[in-house]
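Shown next: my_file_15.pdb, given as PDB, C-alpha atoms.
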ATOM      1  CA  MET A   1      77.880  99.668  89.385  1.00  0.00           C
ATOM      2  CA  THR A   2      76.479  98.576  86.022  1.00  0.00           C
ATOM      3  CA  LEU A   3      77.298  99.853  82.554  1.00  0.00           C
ATOM      4  CA  GLU A   4      75.396  97.105  80.789  1.00  0.00           C
ATOM      5  CA  ASN A   5      75.032  97.796  77.059  1.00  0.00           C
ATOM      6  CA  LYS A   6      76.921 101.089  77.350  1.00  0.00           C
ATOM      7  CA  ILE A   7      79.603 102.159  74.870  1.00  0.00           C
ATOM      8  CA  ALA A   8      82.767 103.543  76.465  1.00  0.00           C
ATOM      9  CA  LEU A   9      85.965 104.918  74.918  1.00  0.00           C
ATOM     10  CA  VAL A  10      89.329 104.946  76.709  1.00  0.00           C
ATOM     11  CA  THR A  11      92.493 106.633  75.444  1.00  0.00           C
ATOM     12  CA  GLY A  12      95.881 105.374  76.560  1.00  0.00           C
ATOM     13  CA  ALA A  13      94.186 102.009  77.029  1.00  0.00           C
ATOM     14  CA  SER A  14      97.192  99.752  76.457  1.00  0.00           C
ATOM     15  CA  ARG A  15      98.757 100.087  79.906  1.00  0.00           C
ATOM     16  CA  GLY A  16      98.617 101.713  83.311  1.00  0.00           C
ATOM     17  CA  ILE A  17      95.536 103.613  84.414  1.00  0.00           C
ATOM     18  CA  GLY A  18      93.908 103.401  80.982  1.00  0.00           C
ATOM     19  CA  ARG A  19      94.213  99.635  80.795  1.00  0.00           C
ATOM     20  CA  ALA A  20      92.941  99.143  84.364  1.00  0.00           C
ATOM     21  CA  ALA A  21      90.001 101.443  83.618  1.00  0.00           C
ATOM     22  CA  ALA A  22      89.179  99.622  80.384  1.00  0.00           C
ATOM     23  CA  VAL A  23      89.175  96.242  82.110  1.00  0.00           C
ATOM     24  CA  ALA A  24      86.965  97.572  84.917  1.00  0.00           C
ATOM     25  CA  LEU A  25      84.530  99.257  82.521  1.00  0.00           C
ATOM     26  CA  ALA A  26      84.207  96.022  80.559  1.00  0.00           C
ATOM     27  CA  ALA A  27      83.655  94.076  83.785  1.00  0.00           C
ATOM     28  CA  ALA A  28      80.834  96.503  84.598  1.00  0.00           C
ATOM     29  CA  GLY A  29      79.165  95.582  81.299  1.00  0.00           C
ATOM     30  CA  ALA A  30      80.375  98.222  78.842  1.00  0.00           C
ATOM     31  CA  HIS A  31      81.652  97.552  75.340  1.00  0.00           C
ATOM     32  CA  VAL A  32      84.980  99.369  75.501  1.00  0.00           C
ATOM     33  CA  ILE A  33      86.697 101.090  72.583  1.00  0.00           C
ATOM     34  CA  LEU A  34      90.409 100.849  73.330  1.00  0.00           C
ATOM     35  CA  VAL A  35      92.561 103.631  71.849  1.00  0.00           C
ATOM     36  CA  ALA A  36      96.375 103.568  72.015  1.00  0.00           C
ATOM     37  CA  ARG A  37      99.430 103.676  69.774  1.00  0.00           C
ATOM     38  CA  THR A  38     100.799 100.199  70.474  1.00  0.00           C
ATOM     39  CA  VAL A  39      98.977  97.286  68.865  1.00  0.00           C
ATOM     40  CA  GLY A  40     100.654  94.754  71.150  1.00  0.00           C
ATOM     41  CA  GLY A  41      99.511  96.553  74.274  1.00  0.00           C
ATOM     42  CA  LEU A  42      95.985  96.865  72.920  1.00  0.00           C
ATOM     43  CA  GLU A  43      95.857  93.152  72.146  1.00  0.00           C
ATOM     44  CA  GLU A  44      97.027  92.290  75.662  1.00  0.00           C
ATOM     45  CA  ALA A  45      94.325  94.508  77.148  1.00  0.00           C
ATOM     46  CA  ASP A  46      91.765  92.933  74.828  1.00  0.00           C
ATOM     47  CA  ASP A  47      92.832  89.439  75.917  1.00  0.00           C
ATOM     48  CA  GLU A  48      92.401  90.405  79.566  1.00  0.00           C
ATOM     49  CA  ILE A  49      88.941  91.824  78.894  1.00  0.00           C
ATOM     50  CA  ARG A  50      87.769  88.822  76.875  1.00  0.00           C
ATOM     51  CA  LYS A  51      89.075  86.295  79.413  1.00  0.00           C
ATOM     52  CA  ALA A  52      86.786  87.974  81.933  1.00  0.00           C
ATOM     53  CA  GLY A  53      83.846  87.750  79.527  1.00  0.00           C
ATOM     54  CA  GLY A  54      83.922  91.362  78.329  1.00  0.00           C
ATOM     55  CA  GLU A  55      83.937  92.922  74.874  1.00  0.00           C
ATOM     56  CA  ALA A  56      86.240  95.472  73.281  1.00  0.00           C
ATOM     57  CA  THR A  57      87.074  97.110  69.975  1.00  0.00           C
ATOM     58  CA  LEU A  58      90.711  98.010  69.284  1.00  0.00           C
ATOM     59  CA  VAL A  59      91.656 101.315  67.668  1.00  0.00           C
ATOM     60  CA  PRO A  60      95.426 101.677  67.118  1.00  0.00           C
ATOM     61  CA  LEU A  61      95.822 105.426  66.826  1.00  0.00           C
ATOM     62  CA  ASN A  62      98.401 108.152  67.352  1.00  0.00           C
ATOM     63  CA  LEU A  63      96.661 111.013  69.151  1.00  0.00           C
ATOM     64  CA  ARG A  64      98.762 113.489  67.166  1.00  0.00           C
ATOM     65  CA  ASP A  65      96.906 112.340  64.046  1.00  0.00           C
ATOM     66  CA  PHE A  66      94.203 114.968  64.534  1.00  0.00           C
ATOM     67  CA  GLU A  67      92.317 114.167  61.348  1.00  0.00           C
ATOM     68  CA  ALA A  68      92.009 110.559  62.515  1.00  0.00           C
ATOM     69  CA  LEU A  69      90.475 111.833  65.761  1.00  0.00           C
ATOM     70  CA  ASP A  70      87.904 113.717  63.701  1.00  0.00           C
ATOM     71  CA  ARG A  71      87.096 110.525  61.782  1.00  0.00           C
ATOM     72  CA  LEU A  72      86.828 108.488  64.982  1.00  0.00           C
ATOM     73  CA  GLY A  73      83.553 110.126  65.957  1.00  0.00           C
ATOM     74  CA  ALA A  74      82.021 109.358  62.574  1.00  0.00           C
ATOM     75  CA  SER A  75      83.136 105.723  62.802  1.00  0.00           C
ATOM     76  CA  ILE A  76      81.594 105.316  66.254  1.00  0.00           C
ATOM     77  CA  PHE A  77      78.347 106.853  65.047  1.00  0.00           C
ATOM     78  CA  GLU A  78      78.165 104.504  62.068  1.00  0.00           C
ATOM     79  CA  ARG A  79      78.621 101.437  64.274  1.00  0.00           C
ATOM     80  CA  TRP A  80      76.853 102.312  67.527  1.00  0.00           C
ATOM     81  CA  GLY A  81      75.003 105.575  66.967  1.00  0.00           C
ATOM     82  CA  ARG A  82      76.118 107.066  70.286  1.00  0.00           C
ATOM     83  CA  LEU A  83      78.814 107.151  72.980  1.00  0.00           C
ATOM     84  CA  ASP A  84      77.943 106.771  76.665  1.00  0.00           C
ATOM     85  CA  ALA A  85      81.310 107.261  78.360  1.00  0.00           C
ATOM     86  CA  PHE A  86      84.643 108.837  77.421  1.00  0.00           C
ATOM     87  CA  PHE A  87      87.748 108.467  79.583  1.00  0.00           C
ATOM     88  CA  GLY A  88      90.470 110.842  78.379  1.00  0.00           C
ATOM     89  CA  ASN A  89      93.469 109.259  80.030  1.00  0.00           C
ATOM     90  CA  ALA A  90      96.356 109.389  77.533  1.00  0.00           C
ATOM     91  CA  GLY A  91      99.119 111.833  78.317  1.00  0.00           C
ATOM     92  CA  VAL A  92     102.863 112.392  78.175  1.00  0.00           C
ATOM     93  CA  LEU A  93     105.288 113.653  80.818  1.00  0.00           C
ATOM     94  CA  GLY A  94     107.671 115.444  78.510  1.00  0.00           C
ATOM     95  CA  ALA A  95     110.939 116.276  80.237  1.00  0.00           C
ATOM     96  CA  VAL A  96     111.470 117.268  83.869  1.00  0.00           C
ATOM     97  CA  THR A  97     113.878 120.098  83.202  1.00  0.00           C
ATOM     98  CA  PRO A  98     114.166 123.891  83.478  1.00  0.00           C
ATOM     99  CA  LEU A  99     111.849 125.710  81.091  1.00  0.00           C
ATOM    100  CA  VAL A 100     114.807 127.264  79.300  1.00  0.00           C
ATOM    101  CA  HIS A 101     116.150 123.781  78.553  1.00  0.00           C
ATOM    102  CA  LEU A 102     112.855 122.353  77.325  1.00  0.00           C
ATOM    103  CA  GLU A 103     113.221 121.482  73.640  1.00  0.00           C
ATOM    104  CA  PRO A 104     110.585 122.997  71.327  1.00  0.00           C
ATOM    105  CA  LYS A 105     109.655 119.558  69.956  1.00  0.00           C
ATOM    106  CA  VAL A 106     109.012 118.276  73.506  1.00  0.00           C
ATOM    107  CA  PHE A 107     106.960 121.373  74.337  1.00  0.00           C
ATOM    108  CA  GLN A 108     104.914 120.836  71.178  1.00  0.00           C
ATOM    109  CA  GLU A 109     104.330 117.161  71.984  1.00  0.00           C
ATOM    110  CA  LEU A 110     103.030 118.140  75.436  1.00  0.00           C
ATOM    111  CA  LEU A 111     100.554 120.513  73.826  1.00  0.00           C
ATOM    112  CA  ASP A 112      99.564 118.095  71.071  1.00  0.00           C
ATOM    113  CA  ILE A 113      98.842 115.081  73.279  1.00  0.00           C
ATOM    114  CA  ASN A 114      97.841 116.566  76.626  1.00  0.00           C
ATOM    115  CA  VAL A 115      95.759 119.452  75.281  1.00  0.00           C
ATOM    116  CA  THR A 116      95.023 119.594  71.551  1.00  0.00           C
ATOM    117  CA  SER A 117      94.140 115.916  71.104  1.00  0.00           C
ATOM    118  CA  ASN A 118      91.635 116.161  73.954  1.00  0.00           C
ATOM    119  CA  TRP A 119      90.046 119.249  72.415  1.00  0.00           C
ATOM    120  CA  ARG A 120      89.796 117.440  69.071  1.00  0.00           C
ATOM    121  CA  LEU A 121      88.235 114.439  70.828  1.00  0.00           C
ATOM    122  CA  ILE A 122      85.704 116.676  72.580  1.00  0.00           C
ATOM    123  CA  ARG A 123      84.766 118.129  69.174  1.00  0.00           C
ATOM    124  CA  SER A 124      84.567 114.695  67.589  1.00  0.00           C
ATOM    125  CA  LEU A 125      82.703 112.904  70.380  1.00  0.00           C
ATOM    126  CA  ASP A 126      80.353 115.581  71.745  1.00  0.00           C
ATOM    127  CA  PRO A 127      77.575 114.870  69.206  1.00  0.00           C
ATOM    128  CA  LEU A 128      77.725 111.176  70.156  1.00  0.00           C
ATOM    129  CA  LEU A 129      77.620 111.923  73.885  1.00  0.00           C
ATOM    130  CA  ARG A 130      74.532 114.060  73.304  1.00  0.00           C
ATOM    131  CA  LEU A 131      72.838 111.030  71.738  1.00  0.00           C
ATOM    132  CA  SER A 132      73.341 109.086  74.958  1.00  0.00           C
ATOM    133  CA  GLU A 133      70.759 109.134  77.725  1.00  0.00           C
ATOM    134  CA  ALA A 134      73.559 109.917  80.179  1.00  0.00           C
ATOM    135  CA  GLY A 135      76.853 110.844  78.535  1.00  0.00           C
ATOM    136  CA  ARG A 136      79.759 110.826  80.973  1.00  0.00           C
ATOM    137  CA  VAL A 137      83.232 112.291  80.426  1.00  0.00           C
ATOM    138  CA  LEU A 138      86.287 112.066  82.668  1.00  0.00           C
ATOM    139  CA  PHE A 139      89.775 113.425  82.016  1.00  0.00           C
ATOM    140  CA  VAL A 140      92.964 112.672  83.922  1.00  0.00           C
ATOM    141  CA  SER A 141      94.743 115.718  85.322  1.00  0.00           C
ATOM    142  CA  SER A 142      97.504 116.072  87.900  1.00  0.00           C
ATOM    143  CA  GLY A 143      98.290 117.996  91.043  1.00  0.00           C
ATOM    144  CA  ALA A 144     101.124 119.518  89.017  1.00  0.00           C
ATOM    145  CA  ALA A 145      98.531 121.668  87.229  1.00  0.00           C
ATOM    146  CA  ARG A 146      97.989 123.678  90.409  1.00  0.00           C
ATOM    147  CA  LYS A 147     101.566 123.730  91.681  1.00  0.00           C
ATOM    148  CA  HIS A 148     104.517 125.597  90.252  1.00  0.00           C
ATOM    149  CA  ARG A 149     107.397 123.285  91.003  1.00  0.00           C
ATOM    150  CA  PRO A 150     110.751 123.970  89.389  1.00  0.00           C
ATOM    151  CA  TYR A 151     111.511 121.796  86.341  1.00  0.00           C
ATOM    152  CA  TRP A 152     107.893 120.621  85.957  1.00  0.00           C
ATOM    153  CA  GLY A 153     106.779 123.622  83.890  1.00  0.00           C
ATOM    154  CA  GLY A 154     106.097 121.826  80.612  1.00  0.00           C
ATOM    155  CA  TYR A 155     103.918 119.084  82.073  1.00  0.00           C
ATOM    156  CA  ALA A 156     102.247 121.430  84.562  1.00  0.00           C
ATOM    157  CA  MET A 157     101.418 123.937  81.831  1.00  0.00           C
ATOM    158  CA  SER A 158      99.763 121.278  79.684  1.00  0.00           C
ATOM    159  CA  LYS A 159      97.682 119.880  82.549  1.00  0.00           C
ATOM    160  CA  ALA A 160      96.629 123.373  83.662  1.00  0.00           C
ATOM    161  CA  ALA A 161      95.465 124.045  80.102  1.00  0.00           C
ATOM    162  CA  LEU A 162      93.606 120.724  80.072  1.00  0.00           C
ATOM    163  CA  GLU A 163      91.818 121.563  83.320  1.00  0.00           C
ATOM    164  CA  SER A 164      90.685 124.918  81.930  1.00  0.00           C
ATOM    165  CA  LEU A 165      89.498 123.243  78.730  1.00  0.00           C
ATOM    166  CA  VAL A 166      87.581 120.505  80.543  1.00  0.00           C
ATOM    167  CA  LEU A 167      85.946 122.776  83.121  1.00  0.00           C
ATOM    168  CA  THR A 168      84.818 125.109  80.339  1.00  0.00           C
ATOM    169  CA  TYR A 169      83.315 122.136  78.488  1.00  0.00           C
ATOM    170  CA  ALA A 170      81.589 121.082  81.704  1.00  0.00           C
ATOM    171  CA  ALA A 171      80.065 124.553  82.039  1.00  0.00           C
ATOM    172  CA  GLU A 172      78.859 124.367  78.447  1.00  0.00           C
ATOM    173  CA  CYS A 173      77.201 121.009  79.212  1.00  0.00           C
ATOM    174  CA  GLU A 174      75.126 122.387  82.090  1.00  0.00           C
ATOM    175  CA  GLY A 175      71.467 121.679  81.386  1.00  0.00           C
ATOM    176  CA  THR A 176      72.258 118.659  79.224  1.00  0.00           C
ATOM    177  CA  ALA A 177      72.483 114.952  80.050  1.00  0.00           C
ATOM    178  CA  ILE A 178      76.298 115.116  79.778  1.00  0.00           C
ATOM    179  CA  LYS A 179      78.439 115.278  82.919  1.00  0.00           C
ATOM    180  CA  VAL A 180      82.114 116.242  82.603  1.00  0.00           C
ATOM    181  CA  ASN A 181      84.707 115.913  85.356  1.00  0.00           C
ATOM    182  CA  LEU A 182      88.420 115.726  86.110  1.00  0.00           C
ATOM    183  CA  LEU A 183      90.390 113.129  88.045  1.00  0.00           C
ATOM    184  CA  ASP A 184      93.640 113.740  89.903  1.00  0.00           C
ATOM    185  CA  PRO A 185      94.911 110.194  90.547  1.00  0.00           C
ATOM    186  CA  GLY A 186      97.825 111.229  92.744  1.00  0.00           C
ATOM    187  CA  PRO A 187     100.880 108.931  92.917  1.00  0.00           C
ATOM    188  CA  ILE A 188     100.033 105.651  91.140  1.00  0.00           C
ATOM    189  CA  ARG A 189     102.341 102.792  90.109  1.00  0.00           C
ATOM    190  CA  THR A 190     102.678 103.609  86.404  1.00  0.00           C
ATOM    191  CA  ALA A 191     105.472 103.884  83.845  1.00  0.00           C
ATOM    192  CA  MET A 192     105.034 107.669  83.761  1.00  0.00           C
ATOM    193  CA  ARG A 193     105.426 107.895  87.526  1.00  0.00           C
ATOM    194  CA  ALA A 194     108.572 105.763  87.368  1.00  0.00           C
ATOM    195  CA  LYS A 195     110.014 108.075  84.728  1.00  0.00           C
ATOM    196  CA  ALA A 196     109.185 111.169  86.766  1.00  0.00           C
ATOM    197  CA  MET A 197     110.385 109.743  90.090  1.00  0.00           C
ATOM    198  CA  PRO A 198     113.140 107.215  89.281  1.00  0.00           C
ATOM    199  CA  GLY A 199     114.326 106.955  92.890  1.00  0.00           C
ATOM    200  CA  GLU A 200     110.901 106.057  94.258  1.00  0.00           C
ATOM    201  CA  ASP A 201     109.985 102.524  95.289  1.00  0.00           C
ATOM    202  CA  PRO A 202     106.957 101.637  93.108  1.00  0.00           C
ATOM    203  CA  ALA A 203     105.917  98.945  95.590  1.00  0.00           C
ATOM    204  CA  MET A 204     104.937 101.756  97.959  1.00  0.00           C
ATOM    205  CA  LEU A 205     102.383 103.130  95.486  1.00  0.00           C
ATOM    206  CA  PRO A 206      98.861 101.841  94.790  1.00  0.00           C
ATOM    207  CA  PRO A 207      98.500 100.003  91.461  1.00  0.00           C
ATOM    208  CA  PRO A 208      96.277 101.410  88.692  1.00  0.00           C
ATOM    209  CA  GLU A 209      93.633  98.796  89.540  1.00  0.00           C
ATOM    210  CA  ALA A 210      93.041 100.554  92.880  1.00  0.00           C
ATOM    211  CA  LEU A 211      91.833 103.614  90.972  1.00  0.00           C
ATOM    212  CA  ALA A 212      89.513 101.736  88.603  1.00  0.00           C
ATOM    213  CA  PRO A 213      86.360 101.614  90.822  1.00  0.00           C
ATOM    214  CA  LEU A 214      86.349 105.418  91.112  1.00  0.00           C
ATOM    215  CA  ILE A 215      86.692 105.767  87.332  1.00  0.00           C
ATOM    216  CA  VAL A 216      83.779 103.391  86.750  1.00  0.00           C
ATOM    217  CA  GLU A 217      81.710 105.345  89.290  1.00  0.00           C
ATOM    218  CA  MET A 218      82.460 108.684  87.582  1.00  0.00           C
ATOM    219  CA  LEU A 219      81.542 107.271  84.160  1.00  0.00           C
ATOM    220  CA  SER A 220      78.312 105.630  85.303  1.00  0.00           C
ATOM    221  CA  PRO A 221      74.853 107.076  84.567  1.00  0.00           C
ATOM    222  CA  SER A 222      74.288 107.431  88.322  1.00  0.00           C
ATOM    223  CA  CYS A 223      77.099 110.003  88.609  1.00  0.00           C
ATOM    224  CA  GLY A 224      75.491 113.420  88.959  1.00  0.00           C
ATOM    225  CA  LYS A 225      78.676 115.460  89.412  1.00  0.00           C
ATOM    226  CA  ASN A 226      79.625 118.015  86.778  1.00  0.00           C
ATOM    227  CA  GLY A 227      82.613 120.344  86.575  1.00  0.00           C
ATOM    228  CA  GLU A 228      84.373 118.799  89.563  1.00  0.00           C
ATOM    229  CA  LEU A 229      87.931 117.701  90.232  1.00  0.00           C
ATOM    230  CA  MET A 230      87.995 114.343  91.996  1.00  0.00           C
ATOM    231  CA  THR A 231      91.106 113.368  93.946  1.00  0.00           C
ATOM    232  CA  PHE A 232      91.858 109.694  94.523  1.00  0.00           C
ATOM    233  CA  LYS A 233      92.613 108.734  98.098  1.00  0.00           C
ATOM    234  CA  LYS A 234      93.951 105.229  98.595  1.00  0.00           C
TER     235      LYS A 234
END
Give the structure from the file, written as structure tokens.
Amino acid sequence: MTLENKIALVTGASRGIGRAAAVALAAAGAHVILVARTVGGLEEADDEIRKAGGEATLVPLNLRDFEALDRLGASIFERWGRLDAFFGNAGVLGAVTPLVHLEPKVFQELLDINVTSNWRLIRSLDPLLRLSEAGRVLFVSSGAARKHRPYWGGYAMSKAALESLVLTYAAECEGTAIKVNLLDPGPIRTAMRAKAMPGEDPAMLPPPEALAPLIVEMLSPSCGKNGELMTFKK
């Protein structure tokens, strides 16, 4: 799978699934734009990419800074003139608690990061994806979006909203060179999973690197799927 000379953007790129995806995209030949809040984590990901001979650009950014997301598209256009792949991976768990106990600030953060930031990124990056010969977009969802488990309402609500947003965008991209899909990674050895399931043995879960080949495949020009939800099976 080659992404030679392609420009790819990854949110939540400093750790977990985002970092593994960024490293794999770079190994496939893409120049990867790494977006995350933590500078230290971004630098570590950059070091890993460069040691393997890849290239990256670091963008320390809080996804709740919506105006910065609007400016991001303009900055990418000025430097590269297009965007070939966008992996919308960043997300927050919120609190696993009854809906009536969910604090308004936590509810708002779930909306801001899991939903609104991705809508703002779609707005900001769509013109750049249309300038690509084969723009590819992939967002991370969760099985929680389609289940109604007690205490998971905040997270589930935000991922259900994201799925609706992304599938609508996919429908609007029919007839264009852009392909838009969703990925349900299932249980993966990440910090978010450990927070959600503190009693679980992480050694029993696949690492984020196991998921990376599927992400590269879905963001490659050869991927012809659009408006689909892909489920990772280890």
Give me the stretch 3-115 of chain A side of the contact with stretch 135-153 of chain A, cut-off 6 Å, one line per residue showing its nearest atom pair and distance in Å at one decimal, counting all atoms listed in the file, sorted by chain and residue number, as a Markdown table.
| residue | atom | partner | partner_atom | distance |
| --- | --- | --- | --- | --- |
| A:Asp84 | CA | A:Gly135 | CA | 4.6 |
| A:Ala85 | CA | A:Arg136 | CA | 4.7 |
| A:Phe86 | CA | A:Val137 | CA | 4.8 |
| A:Phe87 | CA | A:Leu138 | CA | 5.0 |
| A:Gly88 | CA | A:Phe139 | CA | 4.5 |
| A:Asn89 | CA | A:Val140 | CA | 5.2 |
| A:Val96 | CA | A:Tyr151 | CA | 5.2 |
| A:Thr97 | CA | A:Tyr151 | CA | 4.3 |
| A:Pro98 | CA | A:Tyr151 | CA | 4.4 |
Produce a file of the selected residues containing C-alpha atoms, as a short mmCIF file (atom, residue, chain, number, x, y, z; two decimals), in the coordinates of the input.
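Just written: selection00.cif:
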data_model
loop_
_atom_site.label_atom_id
_atom_site.label_comp_id
_atom_site.auth_asym_id
_atom_site.auth_seq_id
_atom_site.Cartn_x
_atom_site.Cartn_y
_atom_site.Cartn_z
CA ASP A 84 77.94 106.77 76.67
CA ALA A 85 81.31 107.26 78.36
CA PHE A 86 84.64 108.84 77.42
CA PHE A 87 87.75 108.47 79.58
CA GLY A 88 90.47 110.84 78.38
CA ASN A 89 93.47 109.26 80.03
CA VAL A 96 111.47 117.27 83.87
CA THR A 97 113.88 120.10 83.20
CA PRO A 98 114.17 123.89 83.48
#
Original post:
So what does the PyMOL selection byres ((chain A and resi 179-184) around 8) actually pick up in this one, as number ranges by chain?
Top reply: A: 134-143, 163, 166-167, 169-170, 173-174, 176-178, 185-186, 218, 223-232
**OP:** Taking the file above as input, evaluate the PyMOL selection byres ((chain A and resi 77) around 12) and report the hits as a list in words.
**Re:**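 So the PyMOL selection byres ((chain A and resi 77) around 12), applied here, picks out Ile7, Asp70, Arg71, Leu72, Gly73, Ala74, Ser75, Ile76, Glu78, Arg79, Trp80, Gly81, Arg82, Leu83, Asp84, Ser124, Leu125, Asp126, Pro127, Leu128, Leu129, Arg130, Leu131 and Ser132 of chain A.
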Subject >> Expansion of the PyMOL selection byres ((chain A and resi 15-24) around 7) into residues, as a list in words >> reply: Val10, Thr11, Gly12, Ala13, Ser14, Leu25, Ala26, Ala27, Ala28, Val32, Gly41, Ala45, Ile49, Asn89, Thr190, Pro208, Glu209, Ala212, Ile215 and Val216 of chain A
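Take atom CA of A:Leu9 and atom CA of A:Pro60: the distance between them is 12.7 Å.
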Subject >> Which residue of A:Asp47, A:Met204, A:Leu63, A:Tyr155 approaches A:Val106 most closely, using all atoms listed in the file >> reply: A:Tyr155
Output requested as a PDB file, keeping the file's coordinate frame - stretch 159-166 of chain A, filled out with all heavy atoms.
ATOM      1  N   LYS A 159      98.789 120.363  81.734  1.00  0.00           N
ATOM      2  CA  LYS A 159      97.682 119.880  82.549  1.00  0.00           C
ATOM      3  C   LYS A 159      96.813 121.035  83.050  1.00  0.00           C
ATOM      4  O   LYS A 159      95.586 120.889  83.187  1.00  0.00           O
ATOM      5  CB  LYS A 159      98.212 119.060  83.734  1.00  0.00           C
ATOM      6  CG  LYS A 159      98.735 117.693  83.329  1.00  0.00           C
ATOM      7  CD  LYS A 159      97.635 116.834  82.701  1.00  0.00           C
ATOM      8  CE  LYS A 159      98.092 115.415  82.442  1.00  0.00           C
ATOM      9  NZ  LYS A 159      97.027 114.563  81.866  1.00  0.00           N
ATOM     10  N   ALA A 160      97.416 122.197  83.296  1.00  0.00           N
ATOM     11  CA  ALA A 160      96.629 123.373  83.662  1.00  0.00           C
ATOM     12  C   ALA A 160      95.721 123.788  82.498  1.00  0.00           C
ATOM     13  O   ALA A 160      94.547 124.133  82.695  1.00  0.00           O
ATOM     14  CB  ALA A 160      97.551 124.525  84.055  1.00  0.00           C
ATOM     15  N   ALA A 161      96.267 123.727  81.291  1.00  0.00           N
ATOM     16  CA  ALA A 161      95.465 124.045  80.102  1.00  0.00           C
ATOM     17  C   ALA A 161      94.338 123.036  79.931  1.00  0.00           C
ATOM     18  O   ALA A 161      93.209 123.402  79.603  1.00  0.00           O
ATOM     19  CB  ALA A 161      96.357 124.067  78.866  1.00  0.00           C
ATOM     20  N   LEU A 162      94.637 121.757  80.178  1.00  0.00           N
ATOM     21  CA  LEU A 162      93.606 120.724  80.072  1.00  0.00           C
ATOM     22  C   LEU A 162      92.498 120.972  81.078  1.00  0.00           C
ATOM     23  O   LEU A 162      91.313 120.869  80.733  1.00  0.00           O
ATOM     24  CB  LEU A 162      94.221 119.344  80.297  1.00  0.00           C
ATOM     25  CG  LEU A 162      93.219 118.178  80.305  1.00  0.00           C
ATOM     26  CD1 LEU A 162      92.576 117.997  78.934  1.00  0.00           C
ATOM     27  CD2 LEU A 162      93.887 116.882  80.766  1.00  0.00           C
ATOM     28  N   GLU A 163      92.846 121.313  82.305  1.00  0.00           N
ATOM     29  CA  GLU A 163      91.818 121.563  83.320  1.00  0.00           C
ATOM     30  C   GLU A 163      90.911 122.711  82.902  1.00  0.00           C
ATOM     31  O   GLU A 163      89.685 122.628  83.046  1.00  0.00           O
ATOM     32  CB  GLU A 163      92.474 121.858  84.674  1.00  0.00           C
ATOM     33  CG  GLU A 163      93.076 120.636  85.334  1.00  0.00           C
ATOM     34  CD  GLU A 163      93.390 120.838  86.810  1.00  0.00           C
ATOM     35  OE1 GLU A 163      93.143 121.958  87.329  1.00  0.00           O
ATOM     36  OE2 GLU A 163      93.844 119.874  87.453  1.00  0.00           O
ATOM     37  N   SER A 164      91.488 123.782  82.383  1.00  0.00           N
ATOM     38  CA  SER A 164      90.685 124.918  81.930  1.00  0.00           C
ATOM     39  C   SER A 164      89.755 124.504  80.794  1.00  0.00           C
ATOM     40  O   SER A 164      88.570 124.867  80.766  1.00  0.00           O
ATOM     41  CB  SER A 164      91.603 126.057  81.476  1.00  0.00           C
ATOM     42  OG  SER A 164      90.853 127.181  81.086  1.00  0.00           O
ATOM     43  N   LEU A 165      90.286 123.728  79.864  1.00  0.00           N
ATOM     44  CA  LEU A 165      89.498 123.243  78.730  1.00  0.00           C
ATOM     45  C   LEU A 165      88.318 122.396  79.208  1.00  0.00           C
ATOM     46  O   LEU A 165      87.171 122.604  78.790  1.00  0.00           O
ATOM     47  CB  LEU A 165      90.407 122.409  77.822  1.00  0.00           C
ATOM     48  CG  LEU A 165      89.794 121.789  76.579  1.00  0.00           C
ATOM     49  CD1 LEU A 165      89.646 122.825  75.485  1.00  0.00           C
ATOM     50  CD2 LEU A 165      90.661 120.626  76.073  1.00  0.00           C
ATOM     51  N   VAL A 166      88.605 121.453  80.089  1.00  0.00           N
ATOM     52  CA  VAL A 166      87.581 120.505  80.543  1.00  0.00           C
ATOM     53  C   VAL A 166      86.510 121.202  81.391  1.00  0.00           C
ATOM     54  O   VAL A 166      85.318 120.934  81.243  1.00  0.00           O
ATOM     55  CB  VAL A 166      88.242 119.346  81.321  1.00  0.00           C
ATOM     56  CG1 VAL A 166      87.192 118.464  81.978  1.00  0.00           C
ATOM     57  CG2 VAL A 166      89.105 118.526  80.378  1.00  0.00           C
TER      58      VAL A 166
END
